[in-house]
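> Just upload.cif, nothing more (mmCIF, C-alpha atoms, pLDDT in the B column; chains and numbers go by the auth columns):
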```
data_final
#
loop_
_atom_site.group_PDB
_atom_site.id
_atom_site.type_symbol
_atom_site.label_atom_id
_atom_site.label_comp_id
_atom_site.label_asym_id
_atom_site.label_seq_id
_atom_site.Cartn_x
_atom_site.Cartn_y
_atom_site.Cartn_z
_atom_site.B_iso_or_equiv
_atom_site.auth_seq_id
_atom_site.auth_asym_id
ATOM 1 C CA MET A 1 -0.588 145.672 16.388 37.00 76 A
ATOM 2 C CA PRO A 2 -4.012 146.856 15.114 37.00 77 A
ATOM 3 C CA PRO A 3 -6.921 147.007 17.569 39.00 78 A
ATOM 4 C CA THR A 4 -9.393 144.152 17.515 44.00 79 A
ATOM 5 C CA GLY A 5 -13.082 144.055 18.328 48.00 80 A
ATOM 6 C CA GLY A 6 -13.543 147.811 17.874 53.00 81 A
ATOM 7 C CA ALA A 7 -16.822 149.257 16.703 63.00 82 A
ATOM 8 C CA ARG A 8 -17.021 149.881 12.995 75.00 83 A
ATOM 9 C CA THR A 9 -18.069 153.338 11.890 84.00 84 A
ATOM 10 C CA HIS A 10 -20.731 153.720 9.216 88.00 85 A
ATOM 11 C CA LEU A 11 -21.582 156.886 7.335 91.00 86 A
ATOM 12 C CA ILE A 12 -24.965 158.413 6.556 94.00 87 A
ATOM 13 C CA GLY A 13 -24.637 161.226 4.084 95.00 88 A
ATOM 14 C CA GLY A 14 -26.720 163.038 1.588 97.00 89 A
ATOM 15 C CA VAL A 15 -28.067 166.279 0.316 98.00 90 A
ATOM 16 C CA VAL A 16 -30.964 168.581 1.151 98.00 91 A
ATOM 17 C CA VAL A 17 -32.616 170.140 -1.891 98.00 92 A
ATOM 18 C CA ASP A 18 -35.324 172.725 -2.423 97.00 93 A
ATOM 19 C CA THR A 19 -38.541 171.991 -4.307 94.00 94 A
ATOM 20 C CA ASP A 20 -36.820 172.930 -7.579 95.00 95 A
ATOM 21 C CA GLY A 21 -33.916 170.543 -6.906 96.00 96 A
ATOM 22 C CA SER A 22 -31.351 173.210 -6.050 97.00 97 A
ATOM 23 C CA PRO A 23 -29.086 172.630 -3.015 98.00 98 A
ATOM 24 C CA ALA A 24 -30.396 174.014 0.280 98.00 99 A
ATOM 25 C CA PRO A 25 -27.563 175.496 2.405 97.00 100 A
ATOM 26 C CA GLY A 26 -27.817 176.196 6.126 97.00 101 A
ATOM 27 C CA VAL A 27 -30.444 173.529 6.867 98.00 102 A
ATOM 28 C CA SER A 28 -30.286 171.666 10.199 97.00 103 A
ATOM 29 C CA VAL A 29 -30.137 167.877 9.681 97.00 104 A
ATOM 30 C CA TYR A 30 -30.385 165.357 12.515 96.00 105 A
ATOM 31 C CA LEU A 31 -31.024 161.690 13.316 94.00 106 A
ATOM 32 C CA ALA A 32 -34.535 161.203 14.694 94.00 107 A
ATOM 33 C CA GLY A 33 -34.504 157.422 15.089 93.00 108 A
ATOM 34 C CA GLY A 34 -32.396 154.349 14.623 92.00 109 A
ATOM 35 C CA PRO A 35 -31.104 151.119 16.121 90.00 110 A
ATOM 36 C CA GLY A 36 -29.553 151.223 19.556 78.00 111 A
ATOM 37 C CA SER A 37 -27.952 154.458 20.577 79.00 112 A
ATOM 38 C CA PHE A 38 -26.900 157.052 18.060 76.00 113 A
ATOM 39 C CA PRO A 39 -25.353 160.496 18.317 72.00 114 A
ATOM 40 C CA ASP A 40 -27.656 163.307 19.439 85.00 115 A
ATOM 41 C CA VAL A 41 -26.157 165.889 17.117 82.00 116 A
ATOM 42 C CA ALA A 42 -27.246 168.100 14.273 90.00 117 A
ATOM 43 C CA ALA A 43 -25.314 169.152 11.203 93.00 118 A
ATOM 44 C CA LEU A 44 -25.802 172.199 9.015 95.00 119 A
ATOM 45 C CA THR A 45 -25.742 171.656 5.288 98.00 120 A
ATOM 46 C CA GLY A 46 -22.950 173.322 3.385 97.00 121 A
ATOM 47 C CA ALA A 47 -23.280 175.607 0.371 97.00 122 A
ATOM 48 C CA ASP A 48 -23.801 172.469 -1.742 98.00 123 A
ATOM 49 C CA GLY A 49 -26.631 171.202 0.525 98.00 124 A
ATOM 50 C CA ARG A 50 -24.559 168.216 1.671 98.00 125 A
ATOM 51 C CA PHE A 51 -24.262 166.694 5.155 97.00 126 A
ATOM 52 C CA SER A 52 -22.939 163.536 6.836 94.00 127 A
ATOM 53 C CA PHE A 53 -23.123 161.676 10.150 89.00 128 A
ATOM 54 C CA ALA A 54 -21.048 158.833 11.570 89.00 129 A
ATOM 55 C CA VAL A 55 -23.013 156.033 13.264 88.00 130 A
ATOM 56 C CA SER A 56 -21.767 152.836 14.873 85.00 131 A
ATOM 57 C CA ALA A 57 -24.539 150.319 14.119 88.00 132 A
ATOM 58 C CA GLU A 58 -26.075 148.854 10.993 90.00 133 A
ATOM 59 C CA GLY A 59 -29.806 149.329 10.556 92.00 134 A
ATOM 60 C CA VAL A 60 -32.418 151.795 9.398 94.00 135 A
ATOM 61 C CA TYR A 61 -32.146 155.391 10.599 94.00 136 A
ATOM 62 C CA THR A 62 -34.667 158.202 10.298 96.00 137 A
ATOM 63 C CA VAL A 63 -33.032 161.400 9.069 97.00 138 A
ATOM 64 C CA GLN A 64 -34.941 164.669 9.429 97.00 139 A
ATOM 65 C CA CYS A 65 -34.189 168.264 8.526 98.00 140 A
ATOM 66 C CA ARG A 66 -35.625 171.693 9.215 97.00 141 A
ATOM 67 C CA ALA A 67 -34.875 174.830 7.215 97.00 142 A
ATOM 68 C CA PRO A 68 -34.705 178.262 8.859 95.00 143 A
ATOM 69 C CA ASP A 69 -38.090 179.110 7.280 96.00 144 A
ATOM 70 C CA GLY A 70 -39.727 176.109 8.987 96.00 145 A
ATOM 71 C CA ARG A 71 -39.941 173.747 6.010 97.00 146 A
ATOM 72 C CA SER A 72 -38.926 170.175 6.810 97.00 147 A
ATOM 73 C CA ALA A 73 -38.319 166.764 5.299 98.00 148 A
ATOM 74 C CA GLN A 74 -37.695 163.197 6.421 98.00 149 A
ATOM 75 C CA ALA A 75 -36.117 160.118 4.850 97.00 150 A
ATOM 76 C CA SER A 76 -34.942 156.646 5.854 96.00 151 A
ATOM 77 C CA ALA A 77 -31.322 155.592 5.512 95.00 152 A
ATOM 78 C CA ALA A 78 -30.480 151.885 5.530 94.00 153 A
ATOM 79 C CA VAL A 79 -26.901 151.320 6.706 92.00 154 A
ATOM 80 C CA GLY A 80 -25.673 147.847 5.858 90.00 155 A
ATOM 81 C CA ALA A 81 -22.461 145.878 5.702 82.00 156 A
ATOM 82 C CA GLY A 82 -21.174 148.263 3.025 79.00 157 A
ATOM 83 C CA GLY A 83 -20.935 150.875 5.731 76.00 158 A
ATOM 84 C CA ALA A 84 -22.590 153.843 4.027 87.00 159 A
ATOM 85 C CA ALA A 85 -26.032 155.136 3.141 94.00 160 A
ATOM 86 C CA THR A 86 -27.033 158.133 1.046 95.00 161 A
ATOM 87 C CA VAL A 87 -30.316 160.032 1.270 97.00 162 A
ATOM 88 C CA VAL A 88 -31.935 162.977 -0.480 97.00 163 A
ATOM 89 C CA LEU A 89 -34.160 165.211 1.624 98.00 164 A
ATOM 90 C CA ARG A 90 -36.519 167.396 -0.431 98.00 165 A
ATOM 91 C CA LEU A 91 -37.891 170.388 1.482 97.00 166 A
ATOM 92 C CA GLY A 92 -41.654 170.726 1.219 88.00 167 A
#
```
Go ahead and express the file in the form of structure tokens.


Amino acid sequence: MPPTGGARTHLIGGVVVDTDGSPAPGVSVYLAGGPGSFPDVAALTGADGRFSFAVSAEGVYTVQCRAPDGRSAQASAAVGAGGAATVVLRLG
């Protein structure tokens, strides 16, 4: 019998790009704000600049990143009933 009343997992994913639009690998991406509690973790972007996080609540999250050279970016991700949000973080 399937479990009932379990928390639904939502996904926040996206890509970090450089000022010229090329993927930015090895950038630390983390959640800086959001509804309720959320994981206190960071992800490193892959060679394609992509990342993802699993969160358990709908709402608006603040996603931030910091490159090894100190450049950073921030974006908002709105997770709704569809269960996923995608953001683009452009290093400045």

> Provide the CA of Val135 in chain A to CA of Ala107 in chain A distance in Å, to one decimal place.

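Distance reported for this atom pair: 11.0 Å.
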
> When the PyMOL selection byres ((chain A and resi 80-95) around 7) is applied to the file above, which residues end up in the set, as a ChimeraX atom specification?

/A:78-79,96-99,124-131,158-167

> For a quick check of understanding, using all atoms listed in the file, which of A:Val102, A:Cys140, A:Val154, A:Ala148 has the smallest distance to Gly121 in chain A?

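Of all the options, A:Val102 lies closest to Gly121 in chain A.
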
> Which residue out of A:Ala132, A:Ser151, A:Ala156, A:Asp123 has the minimum interatomic distance to Leu106 in chain A when only C-alpha atoms are used?

A:Ser151

> In the coordinates of the file, take the point (-33.3, 180.0, 10.7) and a cut-off of 10 Å; then, counting only C-alpha atoms, name each qualifying protein, DNA or RNA residue as a VMD selection string.

chain A and resid 101 to 103 141 to 145

> Compare A:Gly134, A:Leu119, A:Gly108, A:Phe113 by their minimum atom-to-atom distance to Ala150 in chain A, counting only C-alpha atoms, and give me the closest one.

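So, comparing all the options, the nearest one is A:Gly108.
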
> I'd like the interatomic distance between CA of Asp115 in chain A and CA of Ala153 in chain A, to a tenth of an Å.

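That distance, rounded to one decimal, is 18.2 Å.
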
> Interatomic distance between CA of Thr120 in chain A and CA of Pro100 in chain A?

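Separating CA of Thr120 in chain A from CA of Pro100 in chain A is a distance of 5.1 Å.
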
> Around all listed atoms of range 96-108 of chain A, padded 4 Å per side, what centre and edge lengths does the axis-aligned box have in Å to one decimal, as AutoDock Vina command-line options?


```
--center_x -31.0 --center_y 166.8 --center_z 4.1 --size_x 15.0 --size_y 26.8 --size_z 30.0
```

> Which residue gives the smallest distance to Val104 in chain A among A:Glu133, A:Ala152, A:Gly157, A:Val138, with only C-alpha atoms counted?

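Ranked by minimum distance to Val104 in chain A, first place goes to A:Val138.
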